[in-house]
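Engineer: Below you'll find my_file03.pdb; it's PDB, C-alpha atoms.
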```pdb
ATOM      1  CA  MET V   1       0.000   0.000   0.000
ATOM      2  CA  THR V   2       2.869   2.362   0.857
ATOM      3  CA  GLU V   3       4.457   1.747  -2.536
ATOM      4  CA  LYS V   4       1.142   2.461  -4.276
ATOM      5  CA  LEU V   5       0.742   5.702  -2.338
ATOM      6  CA  ARG V   6       4.299   6.711  -3.230
ATOM      7  CA  LYS V   7       3.657   6.137  -6.942
ATOM      8  CA  LYS V   8       0.395   8.072  -6.786
ATOM      9  CA  ALA V   9       2.143  10.926  -5.002
ATOM     10  CA  ILE V  10       4.898  11.047  -7.631
ATOM     11  CA  THR V  11       2.319  10.998 -10.435
ATOM     12  CA  ALA V  12       0.306  13.767  -8.779
ATOM     13  CA  LEU V  13       3.468  15.830  -8.368
ATOM     14  CA  LYS V  14       4.342  15.393 -12.043
ATOM     15  CA  ILE V  15       0.843  16.483 -13.061
ATOM     16  CA  VAL V  16       1.089  19.552 -10.838
ATOM     17  CA  VAL V  17       4.531  20.460 -12.240
ATOM     18  CA  SER V  18       3.309  20.010 -15.839
ATOM     19  CA  ALA V  19       0.214  22.140 -15.178
ATOM     20  CA  ALA V  20       2.276  24.831 -13.446
ATOM     21  CA  LEU V  21       4.749  25.007 -16.328
ATOM     22  CA  ILE V  22       1.988  25.213 -18.930
ATOM     23  CA  TYR V  23       0.282  27.979 -16.906
ATOM     24  CA  PHE V  24       3.604  29.807 -16.650
ATOM     25  CA  ILE V  25       4.054  29.618 -20.421
ATOM     26  CA  PHE V  26       0.580  31.053 -21.031
ATOM     27  CA  THR V  27       1.464  34.034 -18.825
ATOM     28  CA  LYS V  28       4.541  34.736 -20.951
ATOM     29  CA  ILE V  29       3.153  34.488 -24.485
ATOM     30  CA  ASP V  30       0.132  35.589 -26.460
ATOM     31  CA  PHE V  31      -1.697  32.318 -27.027
ATOM     32  CA  LYS V  32      -3.902  33.928 -29.687
ATOM     33  CA  ASP V  33      -0.811  34.500 -31.841
ATOM     34  CA  VAL V  34       0.282  30.904 -31.267
ATOM     35  CA  TRP V  35      -3.180  29.660 -32.242
ATOM     36  CA  GLU V  36      -3.183  31.795 -35.392
ATOM     37  CA  THR V  37       0.204  30.353 -36.364
ATOM     38  CA  LEU V  38      -1.046  26.798 -35.806
ATOM     39  CA  LYS V  39      -4.257  27.397 -37.773
ATOM     40  CA  LYS V  40      -2.278  28.524 -40.821
ATOM     41  CA  SER V  41      -0.040  25.437 -40.832
ATOM     42  CA  ASP V  42       0.371  23.518 -44.090
ATOM     43  CA  PRO V  43      -1.206  20.014 -43.743
ATOM     44  CA  LEU V  44       1.150  18.463 -46.324
ATOM     45  CA  TYR V  45       4.259  19.453 -44.379
ATOM     46  CA  LEU V  46       2.602  18.344 -41.152
ATOM     47  CA  PHE V  47       1.960  14.933 -42.701
ATOM     48  CA  LEU V  48       5.596  14.682 -43.776
ATOM     49  CA  ALA V  49       6.652  15.670 -40.243
ATOM     50  CA  LEU V  50       4.450  12.872 -38.899
ATOM     51  CA  LEU V  51       6.025  10.346 -41.274
ATOM     52  CA  PHE V  52       9.548  11.228 -40.183
ATOM     53  CA  PHE V  53       8.562  11.107 -36.521
ATOM     54  CA  VAL V  54       7.134   7.617 -37.027
ATOM     55  CA  LEU V  55      10.312   6.654 -38.892
ATOM     56  CA  SER V  56      12.398   7.866 -35.937
ATOM     57  CA  LYS V  57      10.404   5.653 -33.577
ATOM     58  CA  LEU V  58      10.726   2.629 -35.853
ATOM     59  CA  ILE V  59      14.507   3.034 -35.875
ATOM     60  CA  ALA V  60      14.523   3.579 -32.097
ATOM     61  CA  ALA V  61      12.649   0.296 -31.660
ATOM     62  CA  PHE V  62      15.305  -1.503 -33.725
ATOM     63  CA  ARG V  63      17.986   0.067 -31.518
ATOM     64  CA  LEU V  64      16.331  -1.225 -28.363
ATOM     65  CA  ASN V  65      15.864  -4.693 -29.844
ATOM     66  CA  GLY V  66      19.602  -4.820 -30.523
ATOM     67  CA  TYR V  67      20.195  -4.457 -26.802
ATOM     68  CA  PHE V  68      17.532  -7.057 -26.010
ATOM     69  CA  HIS V  69      19.087  -9.579 -28.387
ATOM     70  CA  GLN V  70      22.517  -8.972 -26.864
ATOM     71  CA  ILE V  71      21.265  -9.976 -23.399
ATOM     72  CA  GLY V  72      19.498 -13.070 -24.733
ATOM     73  CA  ALA V  73      15.954 -11.736 -25.165
ATOM     74  CA  LYS V  74      15.406 -12.693 -28.798
ATOM     75  CA  LEU V  75      12.264 -10.752 -29.667
ATOM     76  CA  SER V  76      11.160 -10.629 -33.265
ATOM     77  CA  HIS V  77      11.253  -7.112 -34.661
ATOM     78  CA  LEU V  78       7.472  -7.097 -35.062
ATOM     79  CA  SER V  79       6.883  -8.095 -31.426
ATOM     80  CA  ASN V  80       9.355  -5.468 -30.288
ATOM     81  CA  LEU V  81       7.641  -2.781 -32.384
ATOM     82  CA  ARG V  82       4.306  -3.630 -30.773
ATOM     83  CA  LEU V  83       5.846  -3.527 -27.300
ATOM     84  CA  TYR V  84       7.603  -0.236 -28.096
ATOM     85  CA  LEU V  85       4.359   1.376 -29.268
ATOM     86  CA  LEU V  86       2.545   0.188 -26.155
ATOM     87  CA  GLY V  87       5.344   1.672 -24.048
ATOM     88  CA  MET V  88       4.884   5.036 -25.802
ATOM     89  CA  PHE V  89       1.169   4.916 -24.990
ATOM     90  CA  TYR V  90       1.796   4.139 -21.319
ATOM     91  CA  ASN V  91       4.404   6.896 -20.998
ATOM     92  CA  LEU V  92       2.063   9.586 -22.290
ATOM     93  CA  PHE V  93      -1.505   8.516 -21.570
ATOM     94  CA  LEU V  94      -1.289   6.349 -18.446
ATOM     95  CA  PRO V  95       1.231   8.132 -16.218
ATOM     96  CA  GLY V  96      -0.452   6.808 -13.096
ATOM     97  CA  GLY V  97       0.042   3.204 -14.120
ATOM     98  CA  ILE V  98       3.154   1.298 -15.126
ATOM     99  CA  GLY V  99       5.604   3.514 -16.994
ATOM    100  CA  GLY V 100       6.408   2.555 -20.566
ATOM    101  CA  ASP V 101      10.020   1.546 -19.887
ATOM    102  CA  ALA V 102       9.110  -0.306 -16.705
ATOM    103  CA  TYR V 103       6.418  -2.248 -18.547
ATOM    104  CA  LYS V 104       8.766  -3.190 -21.395
ATOM    105  CA  GLY V 105      11.314  -4.387 -18.872
ATOM    106  CA  TYR V 106       8.706  -6.408 -16.971
ATOM    107  CA  VAL V 107       7.408  -8.117 -20.115
ATOM    108  CA  VAL V 108      10.869  -8.968 -21.465
ATOM    109  CA  GLN V 109      12.072 -10.299 -18.107
ATOM    110  CA  LYS V 110       8.943 -12.430 -17.694
ATOM    111  CA  ALA V 111       9.142 -13.892 -21.200
ATOM    112  CA  TYR V 112      12.901 -14.494 -21.555
ATOM    113  CA  GLN V 113      14.387 -14.319 -18.035
ATOM    114  CA  PRO V 114      17.661 -12.601 -19.039
ATOM    115  CA  GLY V 115      17.973 -11.084 -15.561
ATOM    116  CA  THR V 116      16.473  -7.912 -14.172
ATOM    117  CA  LYS V 117      19.835  -6.138 -14.000
ATOM    118  CA  LYS V 118      20.530  -6.812 -17.686
ATOM    119  CA  VAL V 119      17.066  -5.681 -18.746
ATOM    120  CA  VAL V 120      17.291  -2.445 -16.760
ATOM    121  CA  SER V 121      20.783  -1.828 -18.141
ATOM    122  CA  SER V 122      19.525  -2.291 -21.696
ATOM    123  CA  LEU V 123      16.674   0.174 -21.196
ATOM    124  CA  LEU V 124      19.004   2.686 -19.542
ATOM    125  CA  LEU V 125      21.636   2.423 -22.276
ATOM    126  CA  ASP V 126      18.955   2.783 -24.938
ATOM    127  CA  ARG V 127      17.940   6.116 -23.391
ATOM    128  CA  LEU V 128      21.528   7.276 -22.860
ATOM    129  CA  SER V 129      22.496   6.388 -26.429
ATOM    130  CA  GLY V 130      19.692   8.581 -27.710
ATOM    131  CA  MET V 131      20.700  11.437 -25.406
ATOM    132  CA  LEU V 132      24.316  11.174 -26.570
ATOM    133  CA  LEU V 133      23.311  11.855 -30.166
ATOM    134  CA  LEU V 134      20.941  14.644 -29.116
ATOM    135  CA  PHE V 135      23.888  16.264 -27.361
ATOM    136  CA  MET V 136      26.261  15.736 -30.281
ATOM    137  CA  TYR V 137      23.834  17.117 -32.868
ATOM    138  CA  ALA V 138      23.131  20.104 -30.604
ATOM    139  CA  CYS V 139      26.860  20.802 -30.374
ATOM    140  CA  ALA V 140      27.212  20.481 -34.164
ATOM    141  CA  LEU V 141      24.358  22.922 -34.793
ATOM    142  CA  ALA V 142      25.857  25.334 -32.253
ATOM    143  CA  LEU V 143      29.124  25.250 -34.196
ATOM    144  CA  LEU V 144      27.298  26.068 -37.441
ATOM    145  CA  SER V 145      25.189  28.822 -35.906
ATOM    146  CA  GLU V 146      26.265  32.454 -35.923
ATOM    147  CA  ASN V 147      24.011  33.318 -32.990
ATOM    148  CA  SER V 148      25.761  35.648 -30.547
ATOM    149  CA  PHE V 149      24.510  33.642 -27.550
ATOM    150  CA  LEU V 150      26.303  30.492 -28.763
ATOM    151  CA  GLN V 151      29.495  31.958 -30.222
ATOM    152  CA  PRO V 152      31.413  32.347 -26.911
ATOM    153  CA  PHE V 153      31.110  28.604 -26.337
ATOM    154  CA  PHE V 154      32.464  27.573 -29.770
ATOM    155  CA  TRP V 155      35.510  25.651 -28.549
ATOM    156  CA  LEU V 156      33.532  24.043 -25.737
ATOM    157  CA  PHE V 157      31.019  22.657 -28.247
ATOM    158  CA  PHE V 158      33.866  21.583 -30.534
ATOM    159  CA  ALA V 159      35.652  19.599 -27.799
ATOM    160  CA  ALA V 160      32.442  18.162 -26.355
ATOM    161  CA  ILE V 161      31.565  16.119 -29.458
ATOM    162  CA  PRO V 162      34.491  13.629 -29.450
ATOM    163  CA  LEU V 163      34.815  13.759 -25.664
ATOM    164  CA  SER V 164      31.195  12.703 -25.125
ATOM    165  CA  VAL V 165      31.629   9.648 -27.375
ATOM    166  CA  ILE V 166      34.841   8.597 -25.614
ATOM    167  CA  VAL V 167      33.312   8.974 -22.156
ATOM    168  CA  PHE V 168      30.164   7.062 -23.110
ATOM    169  CA  TRP V 169      32.227   4.235 -24.645
ATOM    170  CA  PHE V 170      34.317   3.876 -21.472
ATOM    171  CA  VAL V 171      31.170   3.928 -19.322
ATOM    172  CA  ASN V 172      29.797   1.091 -21.463
ATOM    173  CA  LYS V 173      33.040  -0.863 -21.212
ATOM    174  CA  MET V 174      33.372  -0.479 -17.446
ATOM    175  CA  PHE V 175      29.780  -0.917 -16.290
ATOM    176  CA  PHE V 176      27.884  -2.628 -19.143
ATOM    177  CA  PRO V 177      30.324  -5.079 -20.784
ATOM    178  CA  THR V 178      27.503  -7.409 -21.868
ATOM    179  CA  THR V 179      26.114  -4.860 -24.318
ATOM    180  CA  LEU V 180      29.445  -3.385 -25.463
ATOM    181  CA  PRO V 181      29.438  -5.422 -28.731
ATOM    182  CA  VAL V 182      26.387  -3.464 -29.931
ATOM    183  CA  PHE V 183      27.784  -0.051 -28.932
ATOM    184  CA  TRP V 184      28.500   1.169 -32.465
ATOM    185  CA  GLN V 185      25.329  -0.402 -33.845
ATOM    186  CA  SER V 186      23.336   1.491 -31.228
ATOM    187  CA  PHE V 187      25.321   4.642 -31.976
ATOM    188  CA  GLY V 188      24.403   4.363 -35.663
ATOM    189  CA  TYR V 189      20.733   3.779 -34.908
ATOM    190  CA  SER V 190      20.700   6.769 -32.551
ATOM    191  CA  ALA V 191      22.260   8.960 -35.233
ATOM    192  CA  LEU V 192      19.446   7.986 -37.602
ATOM    193  CA  VAL V 193      16.758   8.427 -34.931
ATOM    194  CA  GLN V 194      17.771  11.985 -34.100
ATOM    195  CA  LEU V 195      18.371  12.839 -37.761
ATOM    196  CA  ALA V 196      14.814  11.708 -38.580
ATOM    197  CA  GLN V 197      13.459  13.852 -35.745
ATOM    198  CA  LEU V 198      15.433  16.859 -36.979
ATOM    199  CA  VAL V 199      13.868  16.377 -40.408
ATOM    200  CA  CYS V 200      10.492  16.104 -38.666
ATOM    201  CA  VAL V 201      11.055  19.492 -37.012
ATOM    202  CA  LEU V 202      12.278  20.962 -40.299
ATOM    203  CA  PHE V 203       8.940  20.020 -41.842
ATOM    204  CA  ILE V 204       7.172  21.560 -38.834
ATOM    205  CA  LEU V 205       9.066  24.793 -39.487
ATOM    206  CA  MET V 206       7.994  24.654 -43.125
ATOM    207  CA  ALA V 207       4.396  23.887 -42.134
ATOM    208  CA  LEU V 208       4.362  26.958 -39.885
ATOM    209  CA  SER V 209       6.070  29.117 -42.560
ATOM    210  CA  ILE V 210       9.065  29.781 -40.303
ATOM    211  CA  GLN V 211      11.948  30.606 -42.641
ATOM    212  CA  LEU V 212      14.500  32.386 -40.429
ATOM    213  CA  ASN V 213      16.865  31.067 -37.713
ATOM    214  CA  THR V 214      16.377  27.435 -38.727
ATOM    215  CA  LEU V 215      19.594  26.217 -37.068
ATOM    216  CA  GLU V 216      18.718  27.991 -33.846
ATOM    217  CA  TYR V 217      15.210  26.518 -33.655
ATOM    218  CA  LEU V 218      16.645  23.052 -34.298
ATOM    219  CA  PHE V 219      19.255  23.617 -31.576
ATOM    220  CA  VAL V 220      16.560  24.598 -29.062
ATOM    221  CA  PHE V 221      14.518  21.549 -30.070
ATOM    222  CA  LEU V 222      17.453  19.223 -29.350
ATOM    223  CA  VAL V 223      18.080  20.839 -25.972
ATOM    224  CA  SER V 224      14.374  20.588 -25.155
ATOM    225  CA  SER V 225      14.439  16.886 -26.057
ATOM    226  CA  ILE V 226      17.244  16.328 -23.555
ATOM    227  CA  VAL V 227      15.392  18.272 -20.859
ATOM    228  CA  SER V 228      12.126  16.405 -21.526
ATOM    229  CA  VAL V 229      13.811  13.102 -20.613
ATOM    230  CA  ILE V 230      14.196  14.319 -17.015
ATOM    231  CA  PRO V 231      11.246  12.679 -15.196
ATOM    232  CA  LEU V 232       9.779  15.830 -13.641
ATOM    233  CA  THR V 233       6.642  16.097 -15.780
ATOM    234  CA  ILE V 234       4.149  13.851 -17.590
ATOM    235  CA  GLY V 235       5.679  12.819 -20.915
ATOM    236  CA  GLY V 236       7.861  15.942 -20.936
ATOM    237  CA  ILE V 237       4.773  18.181 -21.123
ATOM    238  CA  GLY V 238       5.674  21.643 -19.901
ATOM    239  CA  SER V 239       9.426  21.110 -19.604
ATOM    240  CA  ARG V 240       9.877  21.059 -23.394
ATOM    241  CA  GLU V 241       7.756  24.196 -23.811
ATOM    242  CA  VAL V 242       9.626  26.072 -21.068
ATOM    243  CA  THR V 243      12.924  25.159 -22.740
ATOM    244  CA  PHE V 244      11.614  26.493 -26.045
ATOM    245  CA  LEU V 245      10.424  29.660 -24.303
ATOM    246  CA  TYR V 246      13.722  30.465 -22.609
ATOM    247  CA  GLY V 247      15.731  29.263 -25.597
ATOM    248  CA  ALA V 248      13.859  31.765 -27.749
ATOM    249  CA  GLU V 249      14.419  34.531 -25.197
ATOM    250  CA  TRP V 250      18.151  33.911 -24.838
ATOM    251  CA  MET V 251      18.795  33.451 -28.545
ATOM    252  CA  GLY V 252      16.588  36.254 -29.811
ATOM    253  CA  LEU V 253      14.004  34.015 -31.479
ATOM    254  CA  ASN V 254      10.263  34.511 -31.831
ATOM    255  CA  GLU V 255       8.700  33.128 -28.646
ATOM    256  CA  ASN V 256       5.296  32.470 -30.223
ATOM    257  CA  PHE V 257       6.913  30.548 -33.055
ATOM    258  CA  SER V 258       8.948  28.540 -30.555
ATOM    259  CA  ILE V 259       5.874  27.491 -28.563
ATOM    260  CA  SER V 260       4.037  26.685 -31.804
ATOM    261  CA  ILE V 261       6.863  24.328 -32.810
ATOM    262  CA  SER V 262       6.803  22.667 -29.399
ATOM    263  CA  PHE V 263       3.014  22.217 -29.364
ATOM    264  CA  THR V 264       3.021  20.813 -32.902
ATOM    265  CA  PHE V 265       5.741  18.297 -32.035
ATOM    266  CA  PHE V 266       3.798  17.261 -28.935
ATOM    267  CA  LEU V 267       0.610  16.727 -30.944
ATOM    268  CA  ILE V 268       2.505  14.528 -33.417
ATOM    269  CA  THR V 269       3.976  12.561 -30.508
ATOM    270  CA  ALA V 270       0.574  12.163 -28.876
ATOM    271  CA  LEU V 271      -1.118  11.062 -32.104
ATOM    272  CA  THR V 272       1.530   8.402 -32.738
ATOM    273  CA  SER V 273       1.562   7.210 -29.131
ATOM    274  CA  PHE V 274      -2.220   6.904 -28.976
ATOM    275  CA  PHE V 275      -2.174   3.994 -31.429
ATOM    276  CA  GLY V 276      -0.505   1.952 -28.702
ATOM    277  CA  ILE V 277      -3.917   1.691 -27.060
ATOM    278  CA  TRP V 278      -4.652  -1.227 -29.402
ATOM    279  CA  TYR V 279      -2.099  -3.374 -27.595
ATOM    280  CA  HIS V 280      -3.371  -2.245 -24.212
ATOM    281  CA  PHE V 281      -6.642  -4.056 -24.884
ATOM    282  CA  LYS V 282      -5.273  -6.792 -27.155
ATOM    283  CA  LYS V 283      -3.058  -9.499 -25.645
ATOM    284  CA  LEU V 284       0.564  -8.866 -26.562
ATOM    285  CA  ASP V 285       2.348 -12.122 -27.395
ATOM    286  CA  LEU V 286       6.106 -11.845 -27.762
ATOM    287  CA  GLU V 287       7.672 -13.934 -30.506
ATOM    288  CA  SER V 288      11.270 -14.746 -31.308
ATOM    289  CA  PRO V 289      12.537 -14.335 -34.891
ATOM    290  CA  ASP V 290      11.784 -18.012 -35.490
ATOM    291  CA  HIS V 291       8.253 -17.474 -34.022
ATOM    292  CA  SER V 292       9.044 -19.521 -30.973
ATOM    293  CA  LYS V 293       9.532 -18.242 -27.444
TER     294      LYS V 293
END
```
Could you render the structure from this file as structure tokens?
Structural biologist:
Amino acid sequence: MTEKLRKKAITALKIVVSAALIYFIFTKIDFKDVWETLKKSDPLYLFLALLFFVLSKLIAAFRLNGYFHQIGAKLSHLSNLRLYLLGMFYNLFLPGGIGGDAYKGYVVQKAYQPGTKKVVSSLLLDRLSGMLLLFMYACALALLSENSFLQPFFWLFFAAIPLSVIVFWFVNKMFFPTTLPVFWQSFGYSALVQLAQLVCVLFILMALSIQLNTLEYLFVFLVSSIVSVIPLTIGGIGSREVTFLYGAEWMGLNENFSISISFTFFLITALTSFFGIWYHFKKLDLESPDHSK
């Protein structure tokens, strides 16, 4: 009972934080301008943004399955895709229940018994691998940008790219030797995942007719994606928007445009995640590549 109360308290706190951040954003911007920007969006570019977001999630599912296979959980790619989609649904729409990552770990451990420590390590490394590439792409965009806010940190961004890869590789070698053989495979998948999401945001910019400061908006998006991983809000709601708000303020960008980009990306995420509800009501049977457990 105590554990249940603790989880409910954490969920309630996240909801309160998300609501407070959203309220704070509405006090800082003119929502009518944001709404007008969203209403004028081009549906074709929005559809293309949706396609690239879905593509990013498909690649991310392959990345995670590489870790699962390395620890002996031989899920078929189709089963893993179903489980991944269900996890997205749980993360966003059922925050009071089992979290998406926790549920994936529970199901894989129950079906294949690779060991709880190995399963948790795989899920953690999957997240960290994605964050590594978010960080690297953000540094690369900062190097290409001529924004006065970023220029003083040029050499810091330059050194951070190779250093982050080296540090992450040594962390894998020292603490997660079981999954080290798939390090570069995961790195490649992560590069494709974040590239697909950058293209997704590019199409969002085009849909909203935002033609200036493209690199800077993409940089803020990457930073917001890193911040949204921190488990302080429900599905990153609020934290991503606040990052966009302050990123726009510090870098001299249009704040209404920034919030419009963030809201549009959230709606695309929510639409994709919602389809996971099918596997919430339908029994999810995990299969190995040879269709045997």
Engineer: Name all residues at most 12 Å from Tyr246 of chain V (count all atoms listed in the file; drop same-chain ones fewer than 5 positions away) and give them as a list in words.
Structural biologist: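 My list of contacting residues is Phe24, Ile25, Lys28, Ile29, Tyr217, Val220, Phe221, Val223, Ser224, Ser239, Arg240, Glu241, Met251, Gly252, Leu253, Asn254, Glu255, Asn256, Ser258 and Ile259 of chain V.
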Engineer: Evaluated on this file, the PyMOL selection byres ((chain V and resi 267) around 12) picks out some residues - which ones are they, written as an NGL selection string?
Structural biologist: :V and (38 or 46-47 or 49-50 or 53 or 92 or 204 or 235 or 237 or 260-266 or 268-274)
Engineer: Work out how far apart atom CA of Gly72 of chain V and atom CA of Lys110 of chain V are and give it in Å to one decimal.
Structural biologist: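 Separation of atom CA of Gly72 of chain V and atom CA of Lys110 of chain V: 12.7 Å.
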Engineer: What is the atom CA of Ser56 of chain V-atom CA of Tyr189 of chain V distance in Å, reported with one decimal?
Structural biologist: 9.3 Å
Engineer: Sort by chain and increasing residue number a table of all residues of segment 193-273 of chain V within 10 Å of segment 111-132 of chain V, each with its closest pair of atoms and their distance in Å to one decimal, counting only C-alpha atoms, and write it as a Markdown table.
Structural biologist:
```
| residue | atom | partner | partner_atom | distance |
| --- | --- | --- | --- | --- |
| V:Val193 | CA | V:Gly130 | CA | 7.8 |
| V:Gln194 | CA | V:Gly130 | CA | 7.5 |
| V:Leu222 | CA | V:Met131 | CA | 9.3 |
| V:Val223 | CA | V:Met131 | CA | 9.8 |
| V:Ser225 | CA | V:Met131 | CA | 8.3 |
| V:Ile226 | CA | V:Met131 | CA | 6.3 |
| V:Val227 | CA | V:Met131 | CA | 9.8 |
| V:Val229 | CA | V:Met131 | CA | 8.6 |
```
Engineer: Would you kindly return, as a ChimeraX atom specification, each protein, DNA or RNA residue with an atom no farther than 12 Å from any atom of Leu86 of chain V, considering all atoms listed in the file and excluding same-chain residues fewer than 2 positions away?
Structural biologist: /V:61,79-84,88-94,98-104,107,272-284
Engineer: Which one is closest to Phe203 of chain V: V:Asn65, V:Thr27, V:Ser18, V:Ser41? Count all atoms listed in the file.
Structural biologist: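 Result for the nearest residue to Phe203 of chain V: V:Ser41.
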Engineer: Pick from V:Leu208, V:Phe257, V:Asp285, V:Leu143: nearest to Lys32 of chain V, with only C-alpha atoms counted?
Structural biologist: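 Going through V:Leu208, V:Phe257, V:Asp285, V:Leu143 one by one, the smallest distance to Lys32 of chain V is for V:Phe257.
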Engineer: Rounded to one decimal in Å, what is the spacing between atom CA of Val16 of chain V and atom CA of Phe244 of chain V?
Structural biologist: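 Separation between atom CA of Val16 of chain V and atom CA of Phe244 of chain V: 19.8 Å.
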Engineer: How big is the axis-aligned box around all listed atoms of segment 246-251 of chain V once 8 Å goes on each side, and where's its centre, in Å to one decimal, as lines of an AutoDock Vina configuration file?
Structural biologist:
```
center_x = 16.3
center_y = 31.9
center_z = -25.6
size_x = 21.1
size_y = 21.3
size_z = 21.9
```
Engineer: Using only C-alpha atoms, which residues sit within 12 Å of Ala140 of chain V once same-chain residues fewer than 2 positions away are excluded, as a list in words?
Structural biologist: Leu133, Leu134, Phe135, Met136, Tyr137, Ala138, Ala142, Leu143, Leu144, Ser145, Leu150, Phe153, Phe154, Trp155, Leu156, Phe157, Phe158, Ala159, Ala160, Ile161, Pro162, Leu215, Glu216, Leu218, Phe219 and Leu222 of chain V
Engineer: Using all atoms listed in the file for the distances, tell me which of V:Ala73, V:Val165, V:Val171, V:Val199 is nearest to Leu286 of chain V.
Structural biologist: V:Ala73
Engineer: I need the residue nearest Lys57 of chain V from this list: V:Ala196, V:His77, V:Val17, V:Ile166. Use only C-alpha atoms for the distance.
Structural biologist: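 Of the candidates, the smallest distance to Lys57 of chain V is held by V:Ala196.
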Engineer: Nearest to Phe52 of chain V among V:Leu212, V:Cys200, V:Val242, V:Met206, with distances taken over all atoms listed in the file: which residue is it?
Structural biologist: V:Cys200
Engineer: Translate the PyMOL selection byres ((chain V and resi 179) around 8) into a concrete residue list for this structure, as a PyMOL selection string.
Structural biologist: chain V and resi 67+70-71+122+172+176-178+180-183
Engineer: Could segment 103-115 of chain V be written out with N, CA, C and O atoms, as a PDB file, in the first residue's frame, please?
Structural biologist:
```pdb
ATOM      1  N   TYR V 103       7.253  -1.176 -18.011  1.00  0.00           N
ATOM      2  CA  TYR V 103       6.418  -2.248 -18.547  1.00  0.00           C
ATOM      3  C   TYR V 103       7.189  -3.097 -19.554  1.00  0.00           C
ATOM      4  O   TYR V 103       7.099  -4.332 -19.535  1.00  0.00           O
ATOM      5  N   LYS V 104       7.961  -2.434 -20.431  1.00  0.00           N
ATOM      6  CA  LYS V 104       8.766  -3.190 -21.395  1.00  0.00           C
ATOM      7  C   LYS V 104       9.741  -4.110 -20.669  1.00  0.00           C
ATOM      8  O   LYS V 104       9.919  -5.280 -21.050  1.00  0.00           O
ATOM      9  N   GLY V 105      10.372  -3.569 -19.636  1.00  0.00           N
ATOM     10  CA  GLY V 105      11.314  -4.387 -18.872  1.00  0.00           C
ATOM     11  C   GLY V 105      10.640  -5.572 -18.208  1.00  0.00           C
ATOM     12  O   GLY V 105      11.162  -6.687 -18.226  1.00  0.00           O
ATOM     13  N   TYR V 106       9.452  -5.338 -17.643  1.00  0.00           N
ATOM     14  CA  TYR V 106       8.706  -6.408 -16.971  1.00  0.00           C
ATOM     15  C   TYR V 106       8.344  -7.520 -17.952  1.00  0.00           C
ATOM     16  O   TYR V 106       8.516  -8.719 -17.658  1.00  0.00           O
ATOM     17  N   VAL V 107       7.844  -7.127 -19.133  1.00  0.00           N
ATOM     18  CA  VAL V 107       7.408  -8.117 -20.115  1.00  0.00           C
ATOM     19  C   VAL V 107       8.590  -8.935 -20.632  1.00  0.00           C
ATOM     20  O   VAL V 107       8.503 -10.170 -20.747  1.00  0.00           O
ATOM     21  N   VAL V 108       9.688  -8.266 -20.937  1.00  0.00           N
ATOM     22  CA  VAL V 108      10.869  -8.968 -21.465  1.00  0.00           C
ATOM     23  C   VAL V 108      11.450  -9.910 -20.411  1.00  0.00           C
ATOM     24  O   VAL V 108      11.825 -11.051 -20.718  1.00  0.00           O
ATOM     25  N   GLN V 109      11.534  -9.454 -19.175  1.00  0.00           N
ATOM     26  CA  GLN V 109      12.072 -10.299 -18.107  1.00  0.00           C
ATOM     27  C   GLN V 109      11.186 -11.517 -17.881  1.00  0.00           C
ATOM     28  O   GLN V 109      11.674 -12.642 -17.695  1.00  0.00           O
ATOM     29  N   LYS V 110       9.871 -11.321 -17.918  1.00  0.00           N
ATOM     30  CA  LYS V 110       8.943 -12.430 -17.694  1.00  0.00           C
ATOM     31  C   LYS V 110       9.014 -13.454 -18.816  1.00  0.00           C
ATOM     32  O   LYS V 110       8.952 -14.668 -18.561  1.00  0.00           O
ATOM     33  N   ALA V 111       9.172 -12.978 -20.055  1.00  0.00           N
ATOM     34  CA  ALA V 111       9.142 -13.892 -21.200  1.00  0.00           C
ATOM     35  C   ALA V 111      10.472 -14.609 -21.429  1.00  0.00           C
ATOM     36  O   ALA V 111      10.485 -15.772 -21.821  1.00  0.00           O
ATOM     37  N   TYR V 112      11.601 -13.925 -21.167  1.00  0.00           N
ATOM     38  CA  TYR V 112      12.901 -14.494 -21.555  1.00  0.00           C
ATOM     39  C   TYR V 112      13.858 -14.712 -20.393  1.00  0.00           C
ATOM     40  O   TYR V 112      14.874 -15.391 -20.562  1.00  0.00           O
ATOM     41  N   GLN V 113      13.573 -14.138 -19.231  1.00  0.00           N
ATOM     42  CA  GLN V 113      14.387 -14.319 -18.035  1.00  0.00           C
ATOM     43  C   GLN V 113      15.882 -14.022 -18.252  1.00  0.00           C
ATOM     44  O   GLN V 113      16.746 -14.805 -17.826  1.00  0.00           O
ATOM     45  N   PRO V 114      16.234 -12.905 -18.864  1.00  0.00           N
ATOM     46  CA  PRO V 114      17.661 -12.601 -19.039  1.00  0.00           C
ATOM     47  C   PRO V 114      18.302 -12.050 -17.761  1.00  0.00           C
ATOM     48  O   PRO V 114      19.524 -11.947 -17.669  1.00  0.00           O
ATOM     49  N   GLY V 115      17.481 -11.683 -16.795  1.00  0.00           N
ATOM     50  CA  GLY V 115      17.973 -11.084 -15.561  1.00  0.00           C
ATOM     51  C   GLY V 115      17.538  -9.627 -15.473  1.00  0.00           C
ATOM     52  O   GLY V 115      17.717  -8.869 -16.428  1.00  0.00           O
TER      53      GLY V 115
END
```
